[in-house]
2 protein chains.
Amino acid sequence: METQQDLRQRRFAPKEVRRQQLIEATLDSLAENGISGTTMANVTGRAGLSIGIVSLHFKSKDNLLTSTLRYLSEEIRDAWVNIYNDTSLSAADRLRGLLAASFDTNIASHTKIAVWFAFFGETKYRQVYRDMVEEFDDERTGAIEALCAEIVKEGAYENVSPKMLATTIECLCDGFWLNMILYPDWVTPAMAQNQFNDILARHFPAHFEFAPPASDARGLT
Amino acid sequence: METQQDLRQRRFAPKEVRRQQLIEATLDSLAENGISGTTMANVTGRAGLSIGIVSLHFKSKDNLLTSTLRYLSEEIRDAWVNIYNDTSLSAADRLRGLLAASFDTNIASHTKIAVWFAFFGETKYRQVYRDMVEEFDDERTGAIEALCAEIVKEGAYENVSPKMLATTIECLCDGFWLNMILYPDWVTPAMAQNQFNDILARHFPAHFEFAPPASDARGLT
DNA sequence: AATATGAATGAATAACTATTCAGTCGATTT
DNA sequence: AAATCGACTGAATAGTTATTCATTCATATT
């Protein structure tokens, strides 16, 4: 049987294999060097291919970057949508699952988070991001809001605005992501999970439990 | 009397005026074009000066960027430290003031936030950021933690970890900043203030009041 | 085995950019 | 008024990078 790995090493491979191979090399280069340091030579060198290969499979560098962003955004959407759509689970479990998916180490690896922020760093690509991902972002915020609304209804909670809480959760996600790459030793996915749980327990005490305080007390100065 | 503005227009001006002028042009260029689009010609052109001026006042482009980051980080530190150090205010008011300063439109303008994220976007400058700002970041998180601890003591609140809450606040700040430049029509400084108030009211009900729900209810779908 | 196909190569090109530095020019001093 | 000073200029330089395309070569077809 011929594996993907074999195909990559061979001189000729199907277009889709090469495209994926180049996108992954681009992810690595963007994470390591940012947009200004990501050159064609760098990307193709990482992939073990020649300079000219990009113009063959993607017309231009710009198109390669755009395709890379599309790949990332579709990957992360797939990750949370599956859990969100599983209506056999309770709303609280679906919310827990959606957040867990957002900090899964495959989806939110150091490399991939760094690439997101590489795109956020320049107006030009921030616009590309908006044009491409705004719909997904809206969908995701809407999903979180819907889950919060369902939990509010179940628990007859007062003084909780699902829309407001959804926005807070989204912004907090982004903030954790940023601090995970700025200070990886300090901010970890486990910490993010823990803090989300705390926030949710404060809003929905019948649905979420406070974590035992031991893990945090240790860190107090 | 000779104003700063006059000095800028003249062929000769003191070094400090030129340095500041170049830093401001760099801020604008970084916000508009990111790091990869910020060229010497672009920066000096904006400042109405010639190409060679950067090497005269800053040795290199790299030094210009580093100096720009230092300027930003000192500016934001000055903004919150003044309020934090005013011990005539209550801890709750000092926390409110610190957060208000972080979303002040001079400190956290669209341009300046975009510049922060330009530096976060590339590993190389993320490292520069860490080396330069980590101390300030620690100081700020420590200040927020200390204020939270004081409020906890005042209110004899249980189940609130100052360290954990400080981290949440910091991450939420960053998340709001990002979304303010990604979706400026959706996420505004006023919204950020409102959400911080809600979070704090949930932790410290005797110190912070929930805002009237009217402003949010309008937005519900 | 000969031919055809098209994926892949990489040298060459054209465009761009940071840095340098000899010369310019307004202000100050003598 | 002449000389000095030093902030400023911008053409020239050296280096980098995206893009192109004639050529190479593994595989498929006849």
# chains A, B, ... in the order shown; residues from 1 in each chain; ligands from 1

$ interface_residues --of "chain D" --to "chain B" --cutoff "10 Å" --atoms "only C-alpha atoms (C1' of nucleotides)" --output "list in words"
DG6, DA7, DC8, DT9 and DG10 of chain D

$ write_last_selection --atoms "C-alpha atoms (C1' of nucleotides)" --output "compact mmCIF listing (two decimals), in the first residue's frame"
# COMPACT_ATOMS: atom_id res chain seq x y z
C1' DG D 6 26.21 69.50 11.67
C1' DA D 7 21.46 68.26 10.24
C1' DC D 8 19.79 66.65 6.12
C1' DT D 9 19.58 64.88 1.32
C1' DG D 10 19.20 61.41 -2.32

$ interface_residues --of "chain A" --to "chain B" --cutoff "6 Å" --atoms "only C-alpha atoms" --output "PyMOL selection string"
chain A and resi 32-34+36+117-118+121-123+171-172+174-176

$ closest_atom_pairs --of "chain C" --to "chain B" --cutoff "8 Å" --atoms "only C-alpha atoms (C1' of nucleotides)" --output "Markdown table"
| residue | atom | partner | partner_atom | distance |
| --- | --- | --- | --- | --- |
| C:DT17 | C1' | B:Thr39 | CA | 7.2 |
| C:DA18 | C1' | B:Met40 | CA | 7.5 |
| C:DT19 | C1' | B:Ser55 | CA | 7.8 |
| C:DG26 | C1' | B:Phe12 | CA | 7.8 |

$ select_by_dssp --residues "stretch 5-219 of chain B" --states "helix (DSSP H, G or I)" --output "PyMOL selection string"
chain B and resi 5-9+15-37+40-47+53-57+61-84+91-102+110-120+123-155+162-182+189-203+214-217

$ atom_distance --atom1 "atom CA of B:Phe136" --atom2 "atom CA of B:Asn85"
15.0 Å

$ atom_distance --atom1 "atom CA of A:Ser102" --atom2 "atom CA of A:Ser90"
18.5 Å

$ closest_residue --among "A:Ala143, A:Leu200, A:Ile107, A:Leu27" --to "A:Thr66" --atoms "only C-alpha atoms"
A:Leu27

$ closest_residue --among "B:Ala156, B:Met132, B:Leu22, B:Ile83" --to "B:Phe58" --atoms "only C-alpha atoms"
B:Leu22

$ atom_distance --atom1 "atom CA of B:Ser73" --atom2 "atom CA of B:Pro189"
19.4 Å

$ closest_residue --among "A:Ala108, A:Cys148, A:Val128, A:Val133" --to "A:Leu95" --atoms "only C-alpha atoms"
A:Cys148

$ residues_around --residues "C:DT13" --least-positions-apart "4" --cutoff "12 Å" --atoms "only C-alpha atoms (C1' of nucleotides)" --output "PyMOL selection string"
chain D and resi 17-21

$ write_last_selection --atoms "N, CA and C atoms (P, O5', C5', C4', C3', O3' and C1' of nucleotides)" --output "JSON list (two decimals), in the first residue's frame"
[["chain", "number", "residue", "atom", "x", "y", "z"],
["D", 17, "DT", "P", 15.20, 37.21, 1.08],
["D", 17, "DT", "O5'", 14.14, 37.40, -0.08],
["D", 17, "DT", "C5'", 13.36, 38.60, -0.13],
["D", 17, "DT", "C4'", 12.46, 38.55, -1.34],
["D", 17, "DT", "C3'", 11.89, 37.16, -1.66],
["D", 17, "DT", "O3'", 10.51, 37.29, -1.89],
["D", 17, "DT", "C1'", 12.91, 38.08, -3.58],
["D", 18, "DA", "P", 9.53, 36.04, -1.96],
["D", 18, "DA", "O5'", 8.73, 36.34, -3.29],
["D", 18, "DA", "C5'", 7.97, 37.52, -3.37],
["D", 18, "DA", "C4'", 7.51, 37.76, -4.81],
["D", 18, "DA", "C3'", 6.67, 36.62, -5.39],
["D", 18, "DA", "O3'", 5.67, 37.22, -6.22],
["D", 18, "DA", "C1'", 8.69, 36.85, -6.65],
["D", 19, "DT", "P", 4.61, 36.31, -6.97],
["D", 19, "DT", "O5'", 5.28, 36.13, -8.40],
["D", 19, "DT", "C5'", 5.75, 37.28, -9.09],
["D", 19, "DT", "C4'", 6.37, 36.87, -10.41],
["D", 19, "DT", "C3'", 5.67, 35.72, -11.15],
["D", 19, "DT", "O3'", 5.38, 36.17, -12.46],
["D", 19, "DT", "C1'", 8.01, 35.35, -11.04],
["D", 20, "DT", "P", 4.58, 35.21, -13.49],
["D", 20, "DT", "O5'", 5.73, 34.82, -14.52],
["D", 20, "DT", "C5'", 6.62, 35.82, -14.97],
["D", 20, "DT", "C4'", 7.71, 35.20, -15.83],
["D", 20, "DT", "C3'", 7.22, 34.13, -16.81],
["D", 20, "DT", "O3'", 7.80, 34.41, -18.07],
["D", 20, "DT", "C1'", 8.99, 33.28, -15.51],
["D", 21, "DC", "P", 7.11, 33.87, -19.39],
["D", 21, "DC", "O5'", 8.09, 32.69, -19.82],
["D", 21, "DC", "C5'", 9.50, 32.88, -19.81],
["D", 21, "DC", "C4'", 10.20, 31.54, -19.96],
["D", 21, "DC", "C3'", 9.42, 30.51, -20.80],
["D", 21, "DC", "O3'", 10.35, 29.76, -21.56],
["D", 21, "DC", "C1'", 9.89, 29.61, -18.70]]

$ residues_around --residues "A:His207" --least-positions-apart "3" --cutoff "8 Å" --atoms "only C-alpha atoms (C1' of nucleotides)" --output "MDAnalysis selection string"
chainID A and resid 92 151 155 201 204
